[in-house]
>>> print(open('protein-v6.cif').read())   # mmCIF, C-alpha atoms
data_start
loop_
_atom_site.label_atom_id
_atom_site.label_comp_id
_atom_site.auth_asym_id
_atom_site.auth_seq_id
_atom_site.Cartn_x
_atom_site.Cartn_y
_atom_site.Cartn_z
CA MET J 17 -5.12 18.86 37.33
CA LEU J 18 -4.91 19.25 33.59
CA TRP J 19 -3.79 16.28 31.54
CA ALA J 20 -0.70 16.76 29.41
CA PRO J 21 0.69 14.69 26.54
CA ILE J 22 4.08 13.31 27.53
CA CYS J 23 5.19 12.08 24.09
CA CYS J 24 4.47 12.92 20.50
CA PHE J 25 2.68 10.71 18.01
CA ALA J 26 2.58 10.42 14.24
CA GLN J 27 -0.51 10.10 12.10
CA LYS J 28 -0.86 6.49 10.99
CA TYR J 29 -2.52 5.18 7.85
CA VAL J 30 -4.12 1.82 7.19
CA GLY J 31 -5.93 0.57 4.13
CA GLY J 32 -5.17 -1.26 0.95
CA ASP J 33 -4.42 -1.21 -2.73
CA ILE J 34 -7.83 -1.16 -4.43
CA SER J 35 -6.63 -0.53 -7.98
CA LEU J 36 -9.08 -2.95 -9.61
CA LEU J 37 -12.17 -1.93 -7.61
CA THR J 38 -13.77 0.10 -10.41
CA LYS J 39 -13.28 -2.77 -12.88
CA TYR J 40 -14.83 -5.26 -10.46
CA GLU J 41 -17.78 -2.98 -9.78
CA THR J 42 -18.37 -2.31 -13.48
CA ASN J 43 -18.38 -6.03 -14.17
CA GLY J 44 -20.88 -6.79 -11.43
CA ALA J 45 -18.81 -8.16 -8.56
CA LYS J 46 -20.91 -8.89 -5.48
CA TYR J 47 -19.51 -8.05 -2.04
CA TYR J 48 -20.97 -8.98 1.37
CA ASP J 49 -20.17 -8.01 4.94
CA LEU J 50 -19.55 -10.45 7.79
CA ASN J 51 -23.29 -10.73 8.39
CA GLY J 52 -23.97 -11.60 4.77
CA ASN J 53 -25.47 -8.22 3.89
CA SER J 54 -24.76 -6.81 0.45
CA ILE J 55 -22.21 -3.98 0.39
CA THR J 56 -23.33 -1.23 -1.95
CA ASP J 57 -20.73 1.41 -1.04
CA MET J 58 -17.31 -0.22 -0.86
CA LEU J 59 -15.35 2.84 0.18
CA GLY J 60 -17.95 3.62 2.81
CA PHE J 61 -17.67 0.05 4.07
CA PHE J 62 -13.89 0.30 4.27
CA LYS J 63 -14.17 3.50 6.25
CA GLU J 64 -16.58 1.82 8.68
CA GLN J 65 -13.88 -0.77 9.32
CA GLY J 66 -11.53 1.97 10.51
CA LEU J 67 -9.52 2.22 7.28
CA ASN J 68 -8.36 5.71 6.38
CA SER J 69 -6.17 5.43 3.27
CA MET J 70 -6.24 3.74 -0.15
CA ARG J 71 -3.63 3.09 -2.81
CA VAL J 72 -4.05 3.00 -6.61
CA ARG J 73 -1.51 2.16 -9.31
CA LEU J 74 -1.08 4.13 -12.54
CA PHE J 75 0.30 2.81 -15.84
CA VAL J 76 1.47 4.98 -18.75
CA ASP J 77 -0.49 3.18 -21.49
CA PRO J 78 -2.05 -0.02 -20.13
CA THR J 79 -3.64 -0.81 -23.51
CA LYS J 80 -0.16 -2.14 -24.36
CA SER J 81 -0.09 -4.52 -21.38
CA GLY J 82 -2.31 -7.33 -22.64
CA ASP J 83 -3.41 -7.89 -19.03
CA ILE J 84 -6.99 -7.19 -18.00
CA ALA J 85 -5.89 -6.38 -14.44
CA ALA J 86 -3.43 -3.76 -15.71
CA CYS J 87 -6.09 -1.30 -16.85
CA GLN J 88 -5.36 1.75 -14.70
CA ASP J 89 -4.80 4.66 -17.05
CA LEU J 90 -4.98 8.29 -15.96
CA ASP J 91 -8.75 8.66 -16.46
CA TYR J 92 -9.39 5.50 -14.44
CA VAL J 93 -7.13 6.64 -11.61
CA LYS J 94 -8.56 10.16 -11.67
CA ASP J 95 -12.09 8.88 -11.06
CA LEU J 96 -11.14 6.36 -8.37
CA GLY J 97 -8.81 8.83 -6.68
CA LYS J 98 -11.62 11.39 -6.54
CA ARG J 99 -13.90 8.85 -4.87
CA ILE J 100 -11.23 8.11 -2.27
CA LYS J 101 -10.74 11.77 -1.48
CA GLU J 102 -14.46 12.45 -1.30
CA LYS J 103 -14.74 9.75 1.39
CA GLY J 104 -12.23 11.68 3.49
CA MET J 105 -9.49 9.10 3.02
CA SER J 106 -5.91 9.79 2.07
CA PHE J 107 -4.86 8.75 -1.43
CA VAL J 108 -1.61 6.95 -2.29
CA LEU J 109 -0.68 7.22 -5.97
CA ASP J 110 1.61 4.48 -7.25
CA PHE J 111 3.41 5.48 -10.47
CA HIS J 112 4.57 2.34 -12.28
CA TYR J 113 6.34 4.27 -15.06
CA SER J 114 5.55 1.39 -17.38
CA ASP J 115 2.70 0.17 -19.57
CA THR J 116 2.46 -2.99 -17.48
CA TRP J 117 3.39 -4.42 -14.08
CA ALA J 118 6.63 -3.02 -12.70
CA ASP J 119 8.37 -5.02 -9.99
CA PRO J 120 11.88 -6.30 -9.17
CA ALA J 121 11.79 -8.73 -12.10
CA LYS J 122 10.48 -6.29 -14.70
CA GLN J 123 10.71 -2.55 -15.10
CA TRP J 124 10.00 -2.17 -18.81
CA THR J 125 10.14 1.25 -20.41
CA PRO J 126 6.76 2.39 -21.80
CA ASP J 127 6.36 1.77 -25.51
CA ALA J 128 6.04 5.48 -26.27
CA TRP J 129 9.33 6.20 -24.47
CA LYS J 130 11.43 3.28 -25.71
CA SER J 131 13.53 5.25 -28.21
CA LEU J 132 14.43 8.08 -25.82
CA SER J 133 17.98 8.70 -24.67
CA ASP J 134 18.70 8.89 -20.95
CA GLU J 135 18.71 12.69 -21.08
CA ASP J 136 15.38 12.67 -22.89
CA LEU J 137 13.99 10.22 -20.32
CA TYR J 138 14.86 12.63 -17.52
CA THR J 139 12.77 15.27 -19.24
CA GLN J 140 10.01 12.80 -20.10
CA ILE J 141 9.56 11.45 -16.57
CA TYR J 142 9.39 15.02 -15.26
CA ASP J 143 6.87 16.12 -17.89
CA TYR J 144 4.74 12.99 -17.54
CA THR J 145 4.68 13.10 -13.73
CA LYS J 146 3.85 16.79 -13.70
CA ALA J 147 1.07 16.46 -16.28
CA ALA J 148 -0.52 13.45 -14.58
CA LEU J 149 -0.51 15.15 -11.19
CA GLN J 150 -1.99 18.31 -12.65
CA VAL J 151 -4.90 16.31 -14.06
CA LEU J 152 -5.50 14.68 -10.68
CA VAL J 153 -5.33 17.96 -8.78
CA GLU J 154 -7.80 19.63 -11.14
CA ALA J 155 -10.18 16.67 -10.77
CA GLY J 156 -10.21 16.84 -6.97
CA ALA J 157 -8.02 13.73 -6.67
CA THR J 158 -4.86 15.25 -5.24
CA PRO J 159 -2.61 12.49 -3.90
CA ASP J 160 -1.44 12.67 -0.31
CA PHE J 161 1.37 10.22 -0.94
CA ILE J 162 3.18 9.57 -4.22
CA GLN J 163 5.30 6.56 -5.07
CA THR J 164 7.83 7.53 -7.72
CA GLY J 165 8.11 3.97 -8.97
CA ASN J 166 6.87 0.58 -7.86
CA GLU J 167 9.24 -1.90 -6.18
CA ILE J 168 12.28 -0.15 -7.61
CA SER J 169 14.94 -2.13 -5.73
CA TYR J 170 16.80 -2.63 -9.01
CA GLY J 171 15.95 0.63 -10.71
CA MET J 172 13.34 1.40 -13.37
CA LEU J 173 12.91 2.17 -17.07
CA TRP J 174 15.36 -0.60 -17.95
CA GLY J 175 14.52 -0.69 -21.64
CA VAL J 176 12.23 -2.90 -23.71
CA LYS J 177 11.31 -6.44 -22.76
CA THR J 178 12.73 -7.91 -25.95
CA ALA J 179 16.17 -6.38 -25.45
CA SER J 180 19.14 -8.52 -24.51
CA SER J 181 19.72 -8.85 -20.80
CA SER J 182 23.11 -7.18 -21.04
CA SER J 183 21.61 -4.05 -22.58
CA LEU J 184 18.98 -3.51 -19.87
CA LYS J 185 19.80 -0.56 -17.63
CA LYS J 186 19.42 -2.17 -14.24
CA TYR J 187 20.66 -0.66 -11.01
CA TYR J 188 22.16 -2.60 -8.11
CA ALA J 189 22.47 -0.86 -4.75
CA GLY J 190 26.05 -0.06 -3.80
CA GLN J 191 27.32 -0.41 -7.37
CA GLU J 192 28.22 2.25 -9.90
CA ALA J 193 26.37 0.84 -12.93
CA ASN J 194 23.33 2.99 -13.81
CA ARG J 195 23.24 4.53 -10.33
CA THR J 196 23.46 8.12 -11.56
CA ARG J 197 20.89 7.38 -14.26
CA PHE J 198 18.46 5.91 -11.73
CA THR J 199 18.84 8.65 -9.14
CA SER J 200 18.51 11.30 -11.86
CA LEU J 201 15.18 9.79 -12.90
CA LEU J 202 13.99 9.83 -9.28
CA LYS J 203 15.09 13.42 -8.81
CA LYS J 204 13.17 14.60 -11.88
CA ALA J 205 10.05 12.68 -10.84
CA GLY J 206 10.34 14.09 -7.33
CA GLN J 207 10.78 17.63 -8.66
CA ALA J 208 7.46 17.34 -10.48
CA CYS J 209 5.79 16.05 -7.32
CA ARG J 210 7.04 18.98 -5.26
CA GLU J 211 5.91 21.50 -7.84
CA ILE J 212 2.36 20.21 -8.33
CA CYS J 213 1.64 18.51 -4.98
CA PRO J 214 3.86 20.30 -2.47
CA SER J 215 2.01 18.83 0.52
CA ALA J 216 2.26 15.24 -0.68
CA LYS J 217 4.85 12.89 0.78
CA ILE J 218 7.15 11.05 -1.64
CA ILE J 219 7.64 7.32 -1.12
CA LEU J 220 10.60 5.31 -2.43
CA HIS J 221 9.36 1.72 -2.63
CA THR J 222 11.64 -1.31 -2.31
CA GLU J 223 10.88 -4.94 -1.48
CA ARG J 224 14.15 -6.46 -0.28
CA VAL J 225 12.88 -7.24 3.24
CA ALA J 226 14.74 -10.54 3.09
CA ARG J 227 18.00 -8.67 2.43
CA PRO J 228 18.36 -5.93 5.06
CA ASN J 229 21.87 -5.06 3.92
CA TYR J 230 20.54 -4.38 0.43
CA ILE J 231 17.92 -2.05 1.90
CA ASN J 232 20.69 -0.26 3.76
CA SER J 233 22.77 0.12 0.58
CA PHE J 234 19.77 1.30 -1.46
CA TYR J 235 18.76 4.13 0.84
CA GLN J 236 22.40 5.05 1.45
CA ASP J 237 22.73 5.49 -2.31
CA MET J 238 19.65 7.71 -2.24
CA ASN J 239 21.10 9.85 0.52
CA ASN J 240 24.49 10.14 -1.15
CA ALA J 241 22.81 11.27 -4.37
CA GLU J 242 20.56 13.68 -2.43
CA VAL J 243 17.36 12.17 -3.78
CA ASP J 244 14.42 14.05 -2.29
CA TYR J 245 11.93 11.75 -0.55
CA ASP J 246 10.00 11.44 2.71
CA ILE J 247 9.04 7.81 3.29
CA ILE J 248 10.65 4.40 2.95
CA GLY J 249 8.09 2.09 1.35
CA MET J 250 8.35 -1.70 1.62
CA SER J 251 6.55 -4.75 0.32
CA TYR J 252 6.31 -7.62 2.79
CA TYR J 253 4.93 -11.02 1.81
CA PRO J 254 6.15 -13.92 3.97
CA PHE J 255 5.97 -16.33 1.03
CA TYR J 256 8.52 -14.14 -0.77
CA HIS J 257 10.42 -12.41 2.02
CA GLY J 258 10.49 -14.68 5.05
CA ASP J 259 9.04 -14.65 8.54
CA PHE J 260 8.67 -11.82 11.04
CA THR J 261 12.31 -12.04 12.12
CA LYS J 262 13.29 -11.03 8.58
CA LEU J 263 10.80 -8.18 8.69
CA GLU J 264 12.14 -6.98 12.05
CA ALA J 265 15.70 -6.96 10.72
CA ALA J 266 14.65 -4.96 7.66
CA LEU J 267 12.74 -2.43 9.74
CA THR J 268 15.72 -1.97 12.04
CA LYS J 269 17.95 -1.18 9.08
CA ALA J 270 15.41 1.19 7.58
CA GLU J 271 14.89 3.03 10.86
CA SER J 272 18.51 4.16 10.80
CA PHE J 273 17.64 6.59 7.98
CA ASN J 274 15.27 8.54 10.24
CA LYS J 275 12.39 8.41 7.77
CA ASP J 276 8.83 7.25 8.26
CA ILE J 277 8.28 3.73 6.96
CA MET J 278 5.21 2.31 5.26
CA ILE J 279 4.41 -1.28 4.42
CA VAL J 280 2.76 -0.34 1.13
CA GLU J 281 2.06 -3.96 0.17
CA THR J 282 1.32 -7.04 2.24
CA GLY J 283 -0.97 -10.04 2.11
CA TYR J 284 -1.59 -13.58 3.25
CA TYR J 285 -3.63 -16.44 1.80
CA TYR J 286 -7.05 -17.52 3.07
CA ALA J 287 -7.40 -20.39 0.56
CA TRP J 288 -4.88 -22.63 -1.18
CA GLN J 289 -1.52 -20.99 -1.65
CA THR J 290 0.56 -21.32 -4.75
CA SER J 291 3.99 -22.94 -4.80
CA ASP J 292 5.37 -19.66 -6.13
CA PHE J 293 7.62 -19.00 -3.16
CA GLY J 294 10.60 -16.73 -3.47
CA SER J 295 14.03 -18.04 -2.55
CA ASP J 296 13.78 -16.20 0.76
CA GLY J 297 10.11 -16.97 1.37
CA ILE J 298 8.65 -19.27 3.98
CA ASP J 299 5.52 -21.36 4.39
CA LEU J 300 3.85 -20.09 7.57
CA SER J 301 0.80 -22.31 7.24
CA ALA J 302 1.77 -24.43 10.25
CA THR J 303 1.43 -21.32 12.41
CA TYR J 304 -1.18 -19.44 10.40
CA PRO J 305 -3.36 -21.98 8.56
CA ILE J 306 -4.40 -21.20 5.00
CA SER J 307 -7.96 -20.31 5.93
CA PRO J 308 -9.97 -17.19 6.76
CA GLU J 309 -9.09 -17.69 10.43
CA GLY J 310 -5.41 -18.20 9.63
CA GLN J 311 -5.33 -15.06 7.52
CA GLN J 312 -6.88 -13.16 10.43
CA ALA J 313 -4.31 -14.53 12.88
CA PHE J 314 -1.46 -13.55 10.56
CA THR J 315 -2.87 -10.02 10.23
CA LYS J 316 -3.13 -9.62 13.98
CA ALA J 317 0.43 -10.88 14.50
CA LEU J 318 1.80 -8.62 11.75
CA ILE J 319 0.23 -5.55 13.32
CA GLU J 320 1.64 -6.47 16.72
CA VAL J 321 5.10 -6.54 15.15
CA LEU J 322 4.66 -3.26 13.28
CA ASN J 323 3.27 -1.42 16.28
CA GLN J 324 6.56 -2.04 18.09
CA HIS J 325 8.23 0.27 15.56
CA GLU J 326 7.45 3.95 16.02
CA LYS J 327 8.67 4.86 12.54
CA VAL J 328 6.17 2.56 10.81
CA THR J 329 3.24 4.81 9.94
CA GLY J 330 1.48 2.97 7.11
CA LEU J 331 0.07 -0.48 6.34
CA TYR J 332 -1.63 -1.42 3.06
CA TRP J 333 -3.11 -4.78 2.07
CA TRP J 334 -2.44 -5.49 -1.59
CA TRP J 335 -5.34 -6.34 -3.92
CA MET J 336 -7.69 -6.36 -0.96
CA GLU J 337 -10.75 -5.92 -3.22
CA ALA J 338 -10.18 -9.01 -5.40
CA CYS J 339 -13.56 -10.67 -5.88
CA GLU J 340 -14.36 -12.71 -8.98
CA ASN J 341 -17.83 -13.47 -7.62
CA GLY J 342 -20.46 -12.58 -10.19
CA LEU J 343 -18.00 -11.49 -12.85
CA ASP J 344 -17.95 -12.33 -16.51
CA TRP J 345 -14.44 -11.88 -17.82
CA ASN J 346 -15.20 -13.90 -20.96
CA THR J 347 -14.24 -16.98 -18.91
CA LYS J 348 -10.82 -15.52 -18.04
CA ARG J 349 -10.29 -15.10 -14.34
CA VAL J 350 -8.06 -12.40 -12.92
CA SER J 351 -6.80 -13.66 -9.58
CA ASP J 352 -8.57 -16.71 -8.18
CA ASP J 353 -6.24 -19.15 -9.89
CA TRP J 354 -3.24 -17.47 -8.33
CA TYR J 355 -3.59 -14.95 -5.52
CA ASN J 356 -6.13 -15.99 -2.93
CA ALA J 357 -5.08 -13.34 -0.44
CA SER J 358 -7.88 -10.86 -0.96
CA LEU J 359 -9.89 -9.57 1.99
CA PHE J 360 -12.97 -11.03 0.30
CA ASN J 361 -13.63 -14.60 -0.76
CA ASP J 362 -12.38 -14.39 -4.31
CA ASP J 363 -14.68 -17.21 -5.44
CA ALA J 364 -11.67 -19.49 -5.21
CA LYS J 365 -13.95 -22.44 -5.78
CA VAL J 366 -13.68 -22.74 -2.03
CA ASN J 367 -13.11 -26.36 -2.90
CA GLY J 368 -9.52 -25.20 -3.16
CA LYS J 369 -6.89 -26.85 -5.25
CA ASP J 370 -5.53 -28.38 -2.06
CA GLY J 371 -8.69 -30.48 -1.89
CA ILE J 372 -10.00 -28.77 1.23
CA THR J 373 -13.55 -27.47 1.24
CA TYR J 374 -13.87 -24.01 2.73
CA ASN J 375 -17.34 -23.25 4.02
CA TYR J 376 -17.22 -19.57 3.25
CA PRO J 377 -19.65 -17.79 0.91
CA ALA J 378 -18.32 -16.26 -2.29
CA GLY J 379 -17.87 -12.49 -2.05
CA LYS J 380 -17.99 -12.36 1.74
CA VAL J 381 -15.47 -10.18 3.52
CA MET J 382 -12.73 -11.93 5.45
CA PRO J 383 -12.54 -11.50 9.24
CA ALA J 384 -8.96 -10.24 8.84
CA ILE J 385 -10.36 -6.84 7.89
CA THR J 386 -11.50 -6.35 11.49
CA GLU J 387 -7.87 -6.49 12.67
CA LEU J 388 -6.52 -3.68 10.51
CA LYS J 389 -7.82 -0.79 12.60
CA ALA J 390 -5.57 -1.95 15.45
CA PHE J 391 -2.62 -0.61 13.47
CA VAL J 392 -3.80 2.94 14.10
CA GLY J 393 -4.81 2.27 17.68
CA GLY J 394 -8.45 1.35 17.14
CA SER J 395 -10.82 3.75 15.46
CA SER J 396 -9.16 6.81 16.98
CA GLY J 397 -5.93 6.51 15.03
CA ILE J 398 -3.97 7.48 18.12
CA SER J 399 -1.37 5.35 19.82
CA GLY J 400 1.62 5.88 22.03
CA LEU J 401 0.10 8.60 24.23
CA ARG J 402 0.26 8.79 28.01
CA TYR J 403 -1.65 11.18 30.21
CA ALA J 404 -1.69 12.31 33.79
CA ALA J 405 -5.19 11.54 34.96
CA PRO J 406 -7.39 14.51 35.83
CA GLU J 407 -8.60 14.80 39.41
CA ASP J 408 -12.21 15.40 38.41
CA ASN J 409 -14.67 14.43 35.71
CA THR J 410 -13.89 17.40 33.47
CA TRP J 411 -13.75 16.87 29.71
CA TYR J 412 -10.85 18.06 27.53
CA ASP J 413 -10.25 18.15 23.80
CA LEU J 414 -7.08 16.70 22.25
CA SER J 415 -5.33 20.06 22.47
CA GLY J 416 -5.76 20.05 26.25
CA ARG J 417 -8.46 22.72 26.34
CA ARG J 418 -10.98 22.37 29.17
CA MET J 419 -14.60 22.04 28.03
CA THR J 420 -17.52 23.54 29.92
CA ASN J 421 -19.82 20.54 29.29
CA LYS J 422 -19.73 16.98 28.12
CA PRO J 423 -19.14 17.16 24.34
CA THR J 424 -21.95 16.36 21.95
CA SER J 425 -20.03 16.83 18.69
CA LYS J 426 -18.38 13.82 17.10
CA GLY J 427 -14.73 13.46 17.96
CA ILE J 428 -12.16 12.15 20.41
CA TYR J 429 -11.92 13.63 23.90
CA ILE J 430 -10.21 13.02 27.24
CA ASN J 431 -12.22 12.19 30.33
CA ASN J 432 -10.78 10.73 33.55
CA GLY J 433 -7.48 10.14 31.81
CA GLN J 434 -8.95 8.06 29.01
CA LYS J 435 -9.62 8.67 25.33
CA ILE J 436 -13.36 8.73 24.68
CA ILE J 437 -14.90 8.59 21.21
CA VAL J 438 -18.14 10.56 20.83
CA LYS J 439 -20.10 9.30 17.85
#
>>> encode(input="protein-v6.cif", output="structure tokens")
Amino acid sequence: MLWAPICCFAQKYVGGDISLLTKYETNGAKYYDLNGNSITDMLGFFKEQGLNSMRVRLFVDPTKSGDIAACQDLDYVKDLGKRIKEKGMSFVLDFHYSDTWADPAKQWTPDAWKSLSDEDLYTQIYDYTKAALQVLVEAGATPDFIQTGNEISYGMLWGVKTASSSSLKKYYAGQEANRTRFTSLLKKAGQACREICPSAKIILHTERVARPNYINSFYQDMNNAEVDYDIIGMSYYPFYHGDFTKLEAALTKAESFNKDIMIVETGYYYAWQTSDFGSDGIDLSATYPISPEGQQAFTKALIEVLNQHEKVTGLYWWWMEACENGLDWNTKRVSDDWYNASLFNDDAKVNGKDGITYNYPAGKVMPAITELKAFVGGSSGISGLRYAAPEDNTWYDLSGRRMTNKPTSKGIYINNGQKIIVK
């Protein structure tokens, strides 16, 4: 009896934002696996862990940022994107449309664009997006997913940082102010994406997990304005957005739009956490201790939640490559005085600021990385399939074709009703 798939499945993607990897490598960061062996090929190592997708941010002119971690110009992204593609991973491009960090609290217009009218900005965002994508395509770094903006819950290209608050062109979901301006910008950016990367999926990225009704209003505005996009992107950090019940509520709202959903940013501390909690955030350390083991437990629990939602097809750990170990930043550290949620020990003095000594070598990968592959159903990347068991020991490929012999080529096959990986 031939097996037959009873339900469909979607390709799932798991990985992380590795935007600073090239900078770390250039400056001599030292990375180690769980056995203490030196990692010489980071992307190869990630792939061995079952990760299949990586995300990189892009700034317009990061020389204006004054931040050593905001260094990702087009040449930088082109080279890193090419490496990602050459490893057979999918590539998520995150347009910030700013010279510096863009998030819900700041969406500053690039310095070179600051004098443009709204109409001119529509043309500029189209031209810039199209030109950047063309460079990436020609370099062999074609994105598979494109974020037209980063954490754009309140719009983007507000104006200059020094402007009065009342003059900034912010958008608020469900309100008239600047809505047409914002959706026009998104439409022009999306038009460029479709023209240059027609196979790429467009992500609209918000981070209001703690406010499900806002998420509903945001994507309703997008639908009403006929903004062209494919995927709802979300950031989820419990210390900003709340516990898993908040996440579940947000996912339920988002699912009503019948789009795939990706958690394009997440993270959890392994060493001392800051007191920089959002108003909706929560300290989960009683359940998931601030330690490598606690970080691992959080990751496992998060994936269990996400895998209950069929529409969730992506999970990305933010700044997973952070590793100050061995670096010389002229005594200025990038992340270990703030964000100890890397998937490597970020040389956080492991005598953390909480006074606890963590016996974990600098640069060593965190055990949480071993949990991530469970999001895609182990190393196969397949979940949610059921089969009628065959009556004999015949082998079949994933299209249901009967094979004459036991397969010797690498791949995933069906034998006695079970998925078998041939390596």
>>> residues_around(input="protein-v6.cif", residues="J:Asn361", least_positions_apart="5", cutoff="6 Å", atoms="all atoms listed in the file", output="PyMOL selection string")
chain J and resi 378-380
>>> resolve_selection(input="protein-v6.cif", expression="the PyMOL selection byres ((chain J and resi 275) around 8)", output="NGL selection string")
:J and (246-248 or 270-271 or 273-274 or 276-277 or 327)
>>> atom_distance(input="protein-v6.cif", atom1="atom CA of J:Gly393", atom2="atom CA of J:Tyr376")
29.0 Å
>>> closest_atom_pairs(input="protein-v6.cif", of="stretch 163-223 of chain J", to="stretch 73-95 of chain J", cutoff="10 Å", atoms="all atoms listed in the file", output="tab-separated table")
residue	atom	partner	partner_atom	distance
J:Gln163	CA	J:Arg73	CA	9.1
J:Gly165	CA	J:Arg73	CA	9.8
J:Asn166	CA	J:Arg73	CA	8.7
>>> atom_distance(input="protein-v6.cif", atom1="atom CA of J:His221", atom2="atom CA of J:Val280")
7.9 Å
>>> resolve_selection(input="protein-v6.cif", expression="the PyMOL selection byres ((chain J and resi 300-303) around 9)", output="MDAnalysis selection string")
chainID J and resid 254:255 258:259 298:299 304:306 310 313:314
>>> residues_near_point(input="protein-v6.cif", point="(-10.5, -19.0, 0.8)", cutoff="6 Å", atoms="all atoms listed in the file", output="VMD selection string")
chain J and resid 286 to 287 307 361 366
>>> closest_residue(input="protein-v6.cif", among="J:Ser54, J:Thr424, J:Gln311, J:Thr145", to="J:Ala357", atoms="only C-alpha atoms")
J:Gln311
>>> closest_residue(input="protein-v6.cif", among="J:Lys28, J:Lys46, J:Lys204, J:Arg71", to="J:Trp334", atoms="only C-alpha atoms")
J:Arg71
>>> resolve_selection(input="protein-v6.cif", expression="the PyMOL selection byres ((chain J and resi 96) around 12)", output="PDB file with C-alpha atoms, in the frame of the given file")
ATOM      1  CA  ASP J  33      -4.420  -1.210  -2.730  1.00  0.00           C
ATOM      2  CA  ILE J  34      -7.830  -1.160  -4.430  1.00  0.00           C
ATOM      3  CA  SER J  35      -6.630  -0.530  -7.980  1.00  0.00           C
ATOM      4  CA  LEU J  36      -9.080  -2.950  -9.610  1.00  0.00           C
ATOM      5  CA  LEU J  37     -12.170  -1.930  -7.610  1.00  0.00           C
ATOM      6  CA  THR J  38     -13.770   0.100 -10.410  1.00  0.00           C
ATOM      7  CA  LYS J  39     -13.280  -2.770 -12.880  1.00  0.00           C
ATOM      8  CA  GLU J  41     -17.780  -2.980  -9.780  1.00  0.00           C
ATOM      9  CA  MET J  58     -17.310  -0.220  -0.860  1.00  0.00           C
ATOM     10  CA  LEU J  59     -15.350   2.840   0.180  1.00  0.00           C
ATOM     11  CA  MET J  70      -6.240   3.740  -0.150  1.00  0.00           C
ATOM     12  CA  ARG J  71      -3.630   3.090  -2.810  1.00  0.00           C
ATOM     13  CA  VAL J  72      -4.050   3.000  -6.610  1.00  0.00           C
ATOM     14  CA  ARG J  73      -1.510   2.160  -9.310  1.00  0.00           C
ATOM     15  CA  LEU J  74      -1.080   4.130 -12.540  1.00  0.00           C
ATOM     16  CA  GLN J  88      -5.360   1.750 -14.700  1.00  0.00           C
ATOM     17  CA  ASP J  89      -4.800   4.660 -17.050  1.00  0.00           C
ATOM     18  CA  LEU J  90      -4.980   8.290 -15.960  1.00  0.00           C
ATOM     19  CA  ASP J  91      -8.750   8.660 -16.460  1.00  0.00           C
ATOM     20  CA  TYR J  92      -9.390   5.500 -14.440  1.00  0.00           C
ATOM     21  CA  VAL J  93      -7.130   6.640 -11.610  1.00  0.00           C
ATOM     22  CA  LYS J  94      -8.560  10.160 -11.670  1.00  0.00           C
ATOM     23  CA  ASP J  95     -12.090   8.880 -11.060  1.00  0.00           C
ATOM     24  CA  GLY J  97      -8.810   8.830  -6.680  1.00  0.00           C
ATOM     25  CA  LYS J  98     -11.620  11.390  -6.540  1.00  0.00           C
ATOM     26  CA  ARG J  99     -13.900   8.850  -4.870  1.00  0.00           C
ATOM     27  CA  ILE J 100     -11.230   8.110  -2.270  1.00  0.00           C
ATOM     28  CA  LYS J 101     -10.740  11.770  -1.480  1.00  0.00           C
ATOM     29  CA  GLU J 102     -14.460  12.450  -1.300  1.00  0.00           C
ATOM     30  CA  LYS J 103     -14.740   9.750   1.390  1.00  0.00           C
ATOM     31  CA  MET J 105      -9.490   9.100   3.020  1.00  0.00           C
ATOM     32  CA  PHE J 107      -4.860   8.750  -1.430  1.00  0.00           C
ATOM     33  CA  VAL J 108      -1.610   6.950  -2.290  1.00  0.00           C
ATOM     34  CA  LEU J 109      -0.680   7.220  -5.970  1.00  0.00           C
ATOM     35  CA  LEU J 152      -5.500  14.680 -10.680  1.00  0.00           C
ATOM     36  CA  ALA J 155     -10.180  16.670 -10.770  1.00  0.00           C
ATOM     37  CA  GLY J 156     -10.210  16.840  -6.970  1.00  0.00           C
ATOM     38  CA  ALA J 157      -8.020  13.730  -6.670  1.00  0.00           C
ATOM     39  CA  THR J 158      -4.860  15.250  -5.240  1.00  0.00           C
ATOM     40  CA  PRO J 159      -2.610  12.490  -3.900  1.00  0.00           C
TER      41      PRO J 159
END
>>> atom_distance(input="protein-v6.cif", atom1="atom CA of J:Asp115", atom2="atom CA of J:Tyr170")
17.8 Å
>>> residues_near_point(input="protein-v6.cif", point="(13.5, 10.9, -1.6)", cutoff="12 Å", atoms="only C-alpha atoms", output="PyMOL selection string")
chain J and resi 162-165+199-207+209-210+217-221+234-249+273+275-276
>>> residues_around(input="protein-v6.cif", residues="J:Met278", least_positions_apart="4", cutoff="6 Å", atoms="all atoms listed in the file", output="short mmCIF file (atom, residue, chain, number, x, y, z; two decimals) with C-alpha atoms, in the frame of the given file")
data_model
loop_
_atom_site.label_atom_id
_atom_site.label_comp_id
_atom_site.auth_asym_id
_atom_site.auth_seq_id
_atom_site.Cartn_x
_atom_site.Cartn_y
_atom_site.Cartn_z
CA GLY J 249 8.09 2.09 1.35
CA VAL J 328 6.17 2.56 10.81
CA THR J 329 3.24 4.81 9.94
CA GLY J 330 1.48 2.97 7.11
CA LEU J 331 0.07 -0.48 6.34
#
>>> closest_residue(input="protein-v6.cif", among="J:Ala118, J:Ile55, J:Val176, J:Ala208", to="J:Lys130", atoms="all atoms listed in the file")
J:Val176
>>> closest_atom_pairs(input="protein-v6.cif", of="stretch 205-232 of chain J", to="stretch 184-196 of chain J", cutoff="12 Å", atoms="all atoms listed in the file", output="tab-separated table")
residue	atom	partner	partner_atom	distance
J:Thr222	CA	J:Ala189	CA	11.1
J:Arg224	CA	J:Ala189	CA	11.0
J:Arg227	CA	J:Ala189	CA	11.5
J:Pro228	CA	J:Ala189	CA	11.8
J:Asn229	CA	J:Ala189	CA	9.7
J:Tyr230	CA	J:Ala189	CA	6.6
J:Ile231	CA	J:Ala189	CA	8.1
J:Asn232	CA	J:Ala189	CA	8.7
